[in-house]
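Data block below; observations after.
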Amino acid sequence: MKGRFIQSNNRRMRRRTRRLWYLGGMAFFLFSVIAVIGISYDTPSKTAPQIPAPPEAFSAIDSGEILPGTQKNANMTDTENPWYFTLVNKWNPIPENYELNLVELAGGERIDQRIYEPLSQMLEAAMESNWNQLPIVVSGYRTKERQQELYDEKVAQYRRQGYSENRAKTMAEQWVAVPGYSEHQLGFAVDINGATYDLYLWLQENSYKYGFIFRYPGNKTEITGTAEEVWHYRYVGVEAASEIYERGICLEEYLEEHDRE
Ligand SMILES: [Zn+2]
C-alpha cells in the first residue's frame, strides 16, 4: 500500500512538472512575440524619416569634404558665447548671417564640421546598444527651403485629416519647426536612427560624454516648445552637456542660468 501511494504520488508530481514546463513554454513564447512586436513599434516614425541605410553608412565617412564657401563662424573664438550655445527654438530664429561649416556624410546628410569627431565617437560607442550596428544620421543640416517643405508636408497632413488651416499649423509646429526656427538649420543638431529603441536609452545616459544633449525631453516641452523627440540630439560641448544631464535641465534653462542667451 505504502509503495503504491508513493508511486502514484510520484506520477502526480511528474504530471505537475510536465504541466509547469508546458505553461512556462507558453509564457516564454508569448513573451517573445510581445517583445518582437514591441521592438518593431519602437522606432521613431513621427518626424524622423525612416531611411534604411546600410549600417556602415557612417563609418564610411572618413574625411568629409568641406564644402566651398564655408568659413569659420565669427563666434568661434568668443569664450563667453561660443557657437555651440546658439539658441534656436520657436521663439528664437536662426541668427541673421549665420555662417555654416558643413561636411558631408556618406549617407548624404551634412553636418557642422566641428561636431564631426564627437559625433563619430558617440555613434561608434552607441553600437553596443544597437545590435552592434552603427546608428545612422537621417537628418543633419537643413536648408530653409528643406525645412519649409517638411513644414508644408506636415500642415497638409493635418489638413487632410480635416483640421482648419490654423489648427493644422499649430499641430504641425509641435513636430516640425517653422522655417528659420529649426535647430537643423544650425548644422549641429542631428536626428539619429537606430536598429532598436535601446539605442535611445543609451544616448540619454551617455551622449553628454561626447557633448551632445537629449534636446527635447517630454517633461520640458513647455520650455523647449517641442514635443519629445528621442532621436534628436544637439551639440553643446561636454561641459554644458554634463551639467544639463546631471541636473536634468534643458538647454533653455541652462542658458538662462548662465546668462548666455
Ligand atoms: Zn531633429
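Chain lettering (A, B, ...) mirrors the order of the C-alpha cells, residue numbering begins at 1 for each chain separately, and ligand numbering begins at 1 in order of display.
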Item to check | Expected answer as JSON, numbers by chain: residues within 9 Å of ligand 1, only C-alpha atoms and all ligand atoms | outcome: {"A": [47, 48, 139, 140, 176, 182, 183, 184, 189, 190, 191, 192, 215, 229, 231, 232, 233, 234]}
Output C-alpha atoms of each residue in that selection to a file, as a PDB file, in the first residue's frame.
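Below you can see result.pdb, which holds the result:
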```pdb
ATOM      1  CA  THR A  47       9.101  63.009 -37.932  1.00  0.00           C
ATOM      2  CA  ALA A  48      12.402  61.182 -38.188  1.00  0.00           C
ATOM      3  CA  SER A 139      18.749  64.334 -40.802  1.00  0.00           C
ATOM      4  CA  GLY A 140      21.560  66.800 -40.193  1.00  0.00           C
ATOM      5  CA  VAL A 176       8.232  70.431 -37.271  1.00  0.00           C
ATOM      6  CA  SER A 182      14.797  74.875 -36.641  1.00  0.00           C
ATOM      7  CA  GLU A 183      17.973  73.736 -34.934  1.00  0.00           C
ATOM      8  CA  HIS A 184      18.669  71.681 -38.014  1.00  0.00           C
ATOM      9  CA  ALA A 189      21.668  69.062 -34.466  1.00  0.00           C
ATOM     10  CA  VAL A 190      21.017  65.585 -35.819  1.00  0.00           C
ATOM     11  CA  ASP A 191      18.236  63.031 -35.986  1.00  0.00           C
ATOM     12  CA  ILE A 192      19.566  59.556 -35.305  1.00  0.00           C
ATOM     13  CA  ARG A 215      17.297  68.169 -26.671  1.00  0.00           C
ATOM     14  CA  GLU A 229      11.886  63.603 -29.753  1.00  0.00           C
ATOM     15  CA  TRP A 231      16.068  60.806 -31.894  1.00  0.00           C
ATOM     16  CA  HIS A 232      17.074  64.494 -31.888  1.00  0.00           C
ATOM     17  CA  TYR A 233      20.498  65.356 -30.443  1.00  0.00           C
ATOM     18  CA  ARG A 234      22.305  68.642 -30.395  1.00  0.00           C
TER      19      ARG A 234
END
```
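With CA of Leu201 in chain A on one side and CA of Cys250 in chain A on the other, the separation reads 17.1 Å.
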Checklist entry - Quick one: residues within 9 Å of Glu173 in chain A, only C-alpha atoms counted, chain neighbours fewer than 4 positions away excluded, as a list of chain:residue names? => result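 Here the qualifying residues turn out to be A:Lys90, A:Tyr151, A:Lys154, A:Val155, A:Ala168, A:Lys169, A:Ala177, A:Val178, A:Gly225, A:Thr226.
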Mind dumping the selected residues with N, CA, C and O atoms as an mmCIF file, in the first residue's frame?
```
data_model
loop_
_atom_site.group_PDB
_atom_site.id
_atom_site.type_symbol
_atom_site.label_atom_id
_atom_site.label_comp_id
_atom_site.auth_asym_id
_atom_site.auth_seq_id
_atom_site.Cartn_x
_atom_site.Cartn_y
_atom_site.Cartn_z
ATOM 1 N N LYS A 90 11.337 77.916 -30.988
ATOM 2 C CA LYS A 90 10.218 78.574 -31.669
ATOM 3 C C LYS A 90 10.117 80.063 -31.379
ATOM 4 O O LYS A 90 9.375 80.784 -32.035
ATOM 5 N N TYR A 151 7.715 71.380 -43.270
ATOM 6 C CA TYR A 151 6.644 72.070 -42.562
ATOM 7 C C TYR A 151 5.348 71.999 -43.364
ATOM 8 O O TYR A 151 4.291 71.626 -42.844
ATOM 9 N N LYS A 154 3.752 68.580 -43.312
ATOM 10 C CA LYS A 154 3.101 68.256 -42.039
ATOM 11 C C LYS A 154 1.759 68.978 -41.929
ATOM 12 O O LYS A 154 0.772 68.392 -41.485
ATOM 13 N N VAL A 155 1.725 70.253 -42.326
ATOM 14 C CA VAL A 155 0.468 71.011 -42.277
ATOM 15 C C VAL A 155 -0.563 70.344 -43.200
ATOM 16 O O VAL A 155 -1.718 70.132 -42.815
ATOM 17 N N ALA A 168 -4.222 73.104 -38.023
ATOM 18 C CA ALA A 168 -3.228 72.231 -38.663
ATOM 19 C C ALA A 168 -1.823 72.773 -38.439
ATOM 20 O O ALA A 168 -0.885 72.036 -38.160
ATOM 21 N N LYS A 169 -1.689 74.108 -38.526
ATOM 22 C CA LYS A 169 -0.367 74.725 -38.317
ATOM 23 C C LYS A 169 0.096 74.550 -36.880
ATOM 24 O O LYS A 169 1.245 74.173 -36.621
ATOM 25 N N ALA A 177 9.547 72.414 -36.907
ATOM 26 C CA ALA A 177 9.733 73.840 -36.643
ATOM 27 C C ALA A 177 9.397 74.676 -37.874
ATOM 28 O O ALA A 177 9.550 74.230 -39.010
ATOM 29 N N VAL A 178 8.927 75.895 -37.610
ATOM 30 C CA VAL A 178 8.688 76.861 -38.676
ATOM 31 C C VAL A 178 10.042 77.177 -39.311
ATOM 32 O O VAL A 178 11.038 77.303 -38.600
ATOM 33 N N GLY A 225 9.310 74.118 -26.222
ATOM 34 C CA GLY A 225 8.342 74.387 -27.286
ATOM 35 C C GLY A 225 8.213 73.246 -28.275
ATOM 36 O O GLY A 225 7.539 73.377 -29.295
ATOM 37 N N THR A 226 8.848 72.131 -27.984
ATOM 38 C CA THR A 226 8.827 70.999 -28.915
ATOM 39 C C THR A 226 8.483 69.715 -28.165
ATOM 40 O O THR A 226 8.990 69.487 -27.067
#
```
Next on the checklist: Please determine, counting only C-alpha atoms, which residue among A:Thr224, A:Gln148, A:Asn130, A:Asn219 has the shortest atom-to-atom distance to Leu199 in chain A.
Outcome noted: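 Looking only at the distances to Leu199 in chain A, the closest residue turns out to be A:Asn130.
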Checklist entry - If you count only C-alpha atoms, which residues fall within 6 Å of Glu228 in chain A, apart from same-chain ones fewer than 5 positions away, as a PyMOL selection string? => result chain A and resi 216-218
If DSSP is run on the backbone, what residues of range 70-234 of chain A are helix (DSSP H, G or I)? A reply as a compact mmCIF listing (two decimals) with N, CA, C and O atoms, in the first residue's frame would be ideal.
```txt
# COMPACT_ATOMS: atom_id res chain seq x y z
N ALA A 74 32.06 83.46 -36.89
CA ALA A 74 32.70 84.59 -36.22
C ALA A 74 32.71 84.41 -34.71
O ALA A 74 33.57 84.92 -34.01
N ASN A 75 31.74 83.63 -34.21
CA ASN A 75 31.62 83.44 -32.76
C ASN A 75 32.60 82.43 -32.20
O ASN A 75 32.68 82.25 -31.01
N MET A 76 33.29 81.75 -33.06
CA MET A 76 34.05 80.58 -32.63
C MET A 76 35.06 80.87 -31.52
O MET A 76 35.28 80.06 -30.64
N THR A 77 35.64 82.06 -31.54
CA THR A 77 36.66 82.36 -30.54
C THR A 77 36.09 83.06 -29.32
O THR A 77 36.80 83.31 -28.36
N TRP A 83 29.99 79.25 -30.42
CA TRP A 83 29.00 78.91 -31.46
C TRP A 83 27.99 77.87 -31.00
O TRP A 83 26.83 77.92 -31.34
N TYR A 84 28.44 76.92 -30.16
CA TYR A 84 27.55 75.82 -29.78
C TYR A 84 26.52 76.19 -28.73
O TYR A 84 25.75 75.34 -28.29
N PHE A 85 26.49 77.47 -28.31
CA PHE A 85 25.42 77.90 -27.42
C PHE A 85 24.35 78.68 -28.17
O PHE A 85 23.45 79.25 -27.55
N GLN A 113 31.23 70.78 -39.45
CA GLN A 113 32.47 70.01 -39.37
C GLN A 113 33.00 69.90 -37.94
O GLN A 113 33.70 68.96 -37.59
N ARG A 114 32.64 70.86 -37.09
CA ARG A 114 33.16 70.86 -35.72
C ARG A 114 32.53 69.78 -34.84
O ARG A 114 33.04 69.49 -33.76
N ILE A 115 31.42 69.21 -35.27
CA ILE A 115 30.84 68.12 -34.46
C ILE A 115 31.15 66.75 -35.08
O ILE A 115 30.72 65.73 -34.58
N TYR A 116 31.89 66.76 -36.17
CA TYR A 116 32.17 65.50 -36.87
C TYR A 116 32.84 64.47 -35.96
O TYR A 116 32.39 63.33 -35.85
N GLU A 117 33.90 64.90 -35.28
CA GLU A 117 34.65 63.97 -34.41
C GLU A 117 33.81 63.45 -33.24
O GLU A 117 33.67 62.24 -33.06
N PRO A 118 33.28 64.37 -32.40
CA PRO A 118 32.50 63.85 -31.27
C PRO A 118 31.28 63.02 -31.70
O PRO A 118 30.95 62.04 -31.04
N LEU A 119 30.67 63.39 -32.81
CA LEU A 119 29.51 62.62 -33.28
C LEU A 119 29.93 61.22 -33.70
O LEU A 119 29.28 60.23 -33.33
N SER A 120 31.02 61.13 -34.45
CA SER A 120 31.50 59.81 -34.88
C SER A 120 31.82 58.94 -33.67
O SER A 120 31.46 57.76 -33.63
N GLN A 121 32.48 59.54 -32.69
CA GLN A 121 32.85 58.77 -31.48
C GLN A 121 31.60 58.30 -30.74
O GLN A 121 31.53 57.15 -30.29
N MET A 122 30.63 59.17 -30.64
CA MET A 122 29.40 58.80 -29.93
C MET A 122 28.68 57.66 -30.65
O MET A 122 28.27 56.68 -30.03
N LEU A 123 28.56 57.77 -31.95
CA LEU A 123 27.82 56.74 -32.70
C LEU A 123 28.55 55.40 -32.67
O LEU A 123 27.92 54.35 -32.60
N GLU A 124 29.87 55.46 -32.69
CA GLU A 124 30.62 54.20 -32.61
C GLU A 124 30.43 53.55 -31.24
O GLU A 124 30.22 52.34 -31.14
N ALA A 125 30.47 54.38 -30.18
CA ALA A 125 30.27 53.83 -28.83
C ALA A 125 28.84 53.31 -28.66
O ALA A 125 28.60 52.38 -27.89
N ALA A 126 27.91 53.90 -29.38
CA ALA A 126 26.50 53.53 -29.24
C ALA A 126 26.18 52.18 -29.87
O ALA A 126 25.12 51.61 -29.63
N MET A 127 27.11 51.67 -30.67
CA MET A 127 26.85 50.38 -31.34
C MET A 127 26.51 49.27 -30.36
O MET A 127 25.71 48.39 -30.66
N GLU A 128 27.12 49.32 -29.19
CA GLU A 128 26.90 48.27 -28.19
C GLU A 128 25.42 48.14 -27.81
O GLU A 128 24.97 47.07 -27.40
N SER A 129 24.68 49.22 -27.95
CA SER A 129 23.26 49.18 -27.58
C SER A 129 22.37 49.08 -28.82
O SER A 129 21.16 49.21 -28.73
N LYS A 144 16.78 76.28 -45.38
CA LYS A 144 15.48 76.87 -45.07
C LYS A 144 14.41 76.29 -45.99
O LYS A 144 13.29 76.02 -45.56
N GLU A 145 14.79 76.05 -47.24
CA GLU A 145 13.84 75.50 -48.23
C GLU A 145 13.38 74.10 -47.82
O GLU A 145 12.21 73.76 -47.90
N ARG A 146 14.35 73.29 -47.36
CA ARG A 146 14.02 71.93 -46.94
C ARG A 146 13.10 71.96 -45.71
O ARG A 146 12.14 71.19 -45.62
N GLN A 147 13.40 72.87 -44.79
CA GLN A 147 12.57 72.99 -43.60
C GLN A 147 11.15 73.41 -44.00
O GLN A 147 10.17 72.92 -43.45
N GLN A 148 11.06 74.31 -44.98
CA GLN A 148 9.75 74.75 -45.48
C GLN A 148 8.96 73.58 -46.05
O GLN A 148 7.77 73.42 -45.77
N GLU A 149 9.64 72.73 -46.82
CA GLU A 149 8.98 71.55 -47.40
C GLU A 149 8.41 70.64 -46.31
O GLU A 149 7.27 70.21 -46.38
N LEU A 150 9.26 70.36 -45.31
CA LEU A 150 8.83 69.47 -44.22
C LEU A 150 7.64 70.06 -43.48
O LEU A 150 6.70 69.36 -43.12
N TYR A 151 7.72 71.38 -43.27
CA TYR A 151 6.64 72.07 -42.56
C TYR A 151 5.35 72.00 -43.36
O TYR A 151 4.29 71.63 -42.84
N ASP A 152 5.43 72.32 -44.65
CA ASP A 152 4.25 72.29 -45.52
C ASP A 152 3.63 70.90 -45.58
O ASP A 152 2.41 70.75 -45.55
N GLU A 153 4.50 69.88 -45.66
CA GLU A 153 4.01 68.49 -45.70
C GLU A 153 3.21 68.16 -44.45
O GLU A 153 2.16 67.53 -44.51
N LYS A 154 3.75 68.58 -43.31
CA LYS A 154 3.10 68.26 -42.04
C LYS A 154 1.76 68.98 -41.93
O LYS A 154 0.77 68.39 -41.49
N VAL A 155 1.72 70.25 -42.33
CA VAL A 155 0.47 71.01 -42.28
C VAL A 155 -0.56 70.34 -43.20
O VAL A 155 -1.72 70.13 -42.82
N ALA A 156 -0.12 69.96 -44.40
CA ALA A 156 -1.03 69.32 -45.37
C ALA A 156 -1.60 68.02 -44.80
O ALA A 156 -2.77 67.70 -45.01
N GLN A 157 -0.74 67.31 -44.08
CA GLN A 157 -1.17 66.04 -43.48
C GLN A 157 -2.34 66.27 -42.50
O GLN A 157 -3.32 65.55 -42.52
N TYR A 158 -2.23 67.31 -41.67
CA TYR A 158 -3.31 67.61 -40.73
C TYR A 158 -4.53 68.18 -41.44
O TYR A 158 -5.66 67.95 -41.03
N ARG A 159 -4.30 68.92 -42.52
CA ARG A 159 -5.43 69.46 -43.30
C ARG A 159 -6.25 68.31 -43.86
O ARG A 159 -7.47 68.33 -43.85
N ARG A 160 -5.55 67.29 -44.37
CA ARG A 160 -6.24 66.12 -44.94
C ARG A 160 -7.07 65.40 -43.88
O ARG A 160 -8.06 64.75 -44.18
N GLU A 165 -6.94 75.35 -41.19
CA GLU A 165 -5.58 75.78 -41.50
C GLU A 165 -4.80 76.17 -40.24
O GLU A 165 -3.69 75.71 -40.01
N ASN A 166 -5.44 76.98 -39.39
CA ASN A 166 -4.77 77.41 -38.16
C ASN A 166 -4.45 76.26 -37.22
O ASN A 166 -3.36 76.18 -36.66
N ARG A 167 -5.45 75.39 -37.05
CA ARG A 167 -5.28 74.24 -36.16
C ARG A 167 -4.19 73.31 -36.71
O ARG A 167 -3.34 72.83 -35.96
N ALA A 168 -4.22 73.10 -38.02
CA ALA A 168 -3.23 72.23 -38.66
C ALA A 168 -1.82 72.77 -38.44
O ALA A 168 -0.88 72.04 -38.16
N LYS A 169 -1.69 74.11 -38.53
CA LYS A 169 -0.37 74.73 -38.32
C LYS A 169 0.10 74.55 -36.88
O LYS A 169 1.24 74.17 -36.62
N THR A 170 -0.82 74.81 -35.94
CA THR A 170 -0.47 74.67 -34.52
C THR A 170 -0.01 73.24 -34.23
O THR A 170 0.98 73.02 -33.53
N MET A 171 -0.74 72.28 -34.79
CA MET A 171 -0.40 70.89 -34.54
C MET A 171 0.93 70.51 -35.21
O MET A 171 1.76 69.83 -34.61
N ALA A 172 1.11 70.98 -36.42
CA ALA A 172 2.35 70.68 -37.15
C ALA A 172 3.56 71.22 -36.40
O ALA A 172 4.61 70.59 -36.34
N GLU A 183 16.58 73.99 -35.29
CA GLU A 183 17.97 73.74 -34.93
C GLU A 183 18.74 73.07 -36.07
O GLU A 183 19.95 73.19 -36.16
N HIS A 184 18.00 72.37 -36.91
CA HIS A 184 18.67 71.68 -38.01
C HIS A 184 19.32 72.68 -38.97
O HIS A 184 20.23 72.32 -39.71
N GLN A 185 18.87 73.91 -38.96
CA GLN A 185 19.47 74.92 -39.83
C GLN A 185 20.83 75.38 -39.30
O GLN A 185 21.58 76.04 -40.01
N ASP A 198 16.60 50.55 -27.71
CA ASP A 198 17.67 50.61 -26.69
C ASP A 198 18.69 51.69 -27.00
O ASP A 198 19.29 52.27 -26.10
N LEU A 199 18.87 51.95 -28.27
CA LEU A 199 19.82 52.99 -28.67
C LEU A 199 19.47 54.32 -28.01
O LEU A 199 20.34 55.03 -27.51
N TYR A 200 18.17 54.64 -28.00
CA TYR A 200 17.76 55.94 -27.46
C TYR A 200 17.96 56.00 -25.95
O TYR A 200 18.26 57.06 -25.41
N LEU A 201 17.81 54.87 -25.29
CA LEU A 201 18.06 54.84 -23.84
C LEU A 201 19.56 55.03 -23.59
O LEU A 201 19.96 55.75 -22.68
N TRP A 202 20.36 54.40 -24.42
CA TRP A 202 21.82 54.55 -24.30
C TRP A 202 22.22 56.01 -24.52
O TRP A 202 23.01 56.58 -23.76
N LEU A 203 21.69 56.61 -25.55
CA LEU A 203 22.02 58.01 -25.86
C LEU A 203 21.64 58.93 -24.70
O LEU A 203 22.39 59.84 -24.34
N GLN A 204 20.47 58.68 -24.11
CA GLN A 204 20.04 59.53 -23.00
C GLN A 204 21.01 59.46 -21.82
O GLN A 204 21.20 60.44 -21.11
N GLU A 205 21.64 58.32 -21.63
CA GLU A 205 22.55 58.15 -20.50
C GLU A 205 24.01 58.49 -20.82
O GLU A 205 24.81 58.69 -19.91
N ASN A 206 24.37 58.50 -22.09
CA ASN A 206 25.79 58.63 -22.44
C ASN A 206 26.18 59.78 -23.37
O ASN A 206 27.37 60.08 -23.48
N SER A 207 25.21 60.40 -24.02
CA SER A 207 25.55 61.40 -25.04
C SER A 207 26.34 62.58 -24.46
O SER A 207 27.15 63.18 -25.17
N TYR A 208 26.11 62.91 -23.20
CA TYR A 208 26.79 64.07 -22.61
C TYR A 208 28.31 63.92 -22.65
O TYR A 208 29.04 64.90 -22.74
N LYS A 209 28.79 62.66 -22.59
CA LYS A 209 30.23 62.43 -22.61
C LYS A 209 30.87 62.92 -23.91
O LYS A 209 32.07 63.13 -23.99
N TYR A 210 30.04 63.04 -24.93
CA TYR A 210 30.52 63.47 -26.24
C TYR A 210 30.08 64.90 -26.56
O TYR A 210 30.28 65.39 -27.66
N GLY A 218 10.40 64.85 -22.82
CA GLY A 218 8.95 65.03 -22.69
C GLY A 218 8.54 65.94 -21.54
O GLY A 218 7.53 66.63 -21.62
N ASN A 219 9.35 65.98 -20.47
CA ASN A 219 8.95 66.80 -19.31
C ASN A 219 9.37 68.27 -19.43
O ASN A 219 9.21 69.04 -18.50
N LYS A 220 9.95 68.64 -20.59
CA LYS A 220 10.37 70.04 -20.78
C LYS A 220 9.69 70.69 -21.98
O LYS A 220 10.10 71.78 -22.42
N THR A 221 8.67 70.04 -22.49
CA THR A 221 8.01 70.54 -23.71
C THR A 221 7.57 71.99 -23.61
O THR A 221 7.71 72.76 -24.56
N GLU A 222 7.08 72.40 -22.44
CA GLU A 222 6.61 73.78 -22.31
C GLU A 222 7.75 74.79 -22.43
O GLU A 222 7.54 75.91 -22.86
N ILE A 223 8.92 74.39 -22.03
CA ILE A 223 10.07 75.31 -22.08
C ILE A 223 10.75 75.26 -23.45
O ILE A 223 11.15 76.29 -23.98
N THR A 224 10.87 74.06 -24.00
CA THR A 224 11.55 73.95 -25.29
C THR A 224 10.62 74.29 -26.45
O THR A 224 11.08 74.65 -27.52
```
Checklist entry - Which residue out of A:Pro135, A:Gly162, A:Gly180, A:Gly211 has the minimum interatomic distance to Tyr98 in chain A when only C-alpha atoms are used? => result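 When distances to Tyr98 in chain A are compared using only C-alpha atoms, the smallest one comes from A:Gly180.
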Checklist entry - Please, what distance in Å, to one decimal, runs between CA of Phe214 in chain A and CA of His258 in chain A? => result 19.0 Å
Item to check | Among the residues A:Gly107, A:Asp259, A:Leu251, A:Phe212, the one that comes closest to Val238 in chain A [using only C-alpha atoms] | outcome: A:Phe212
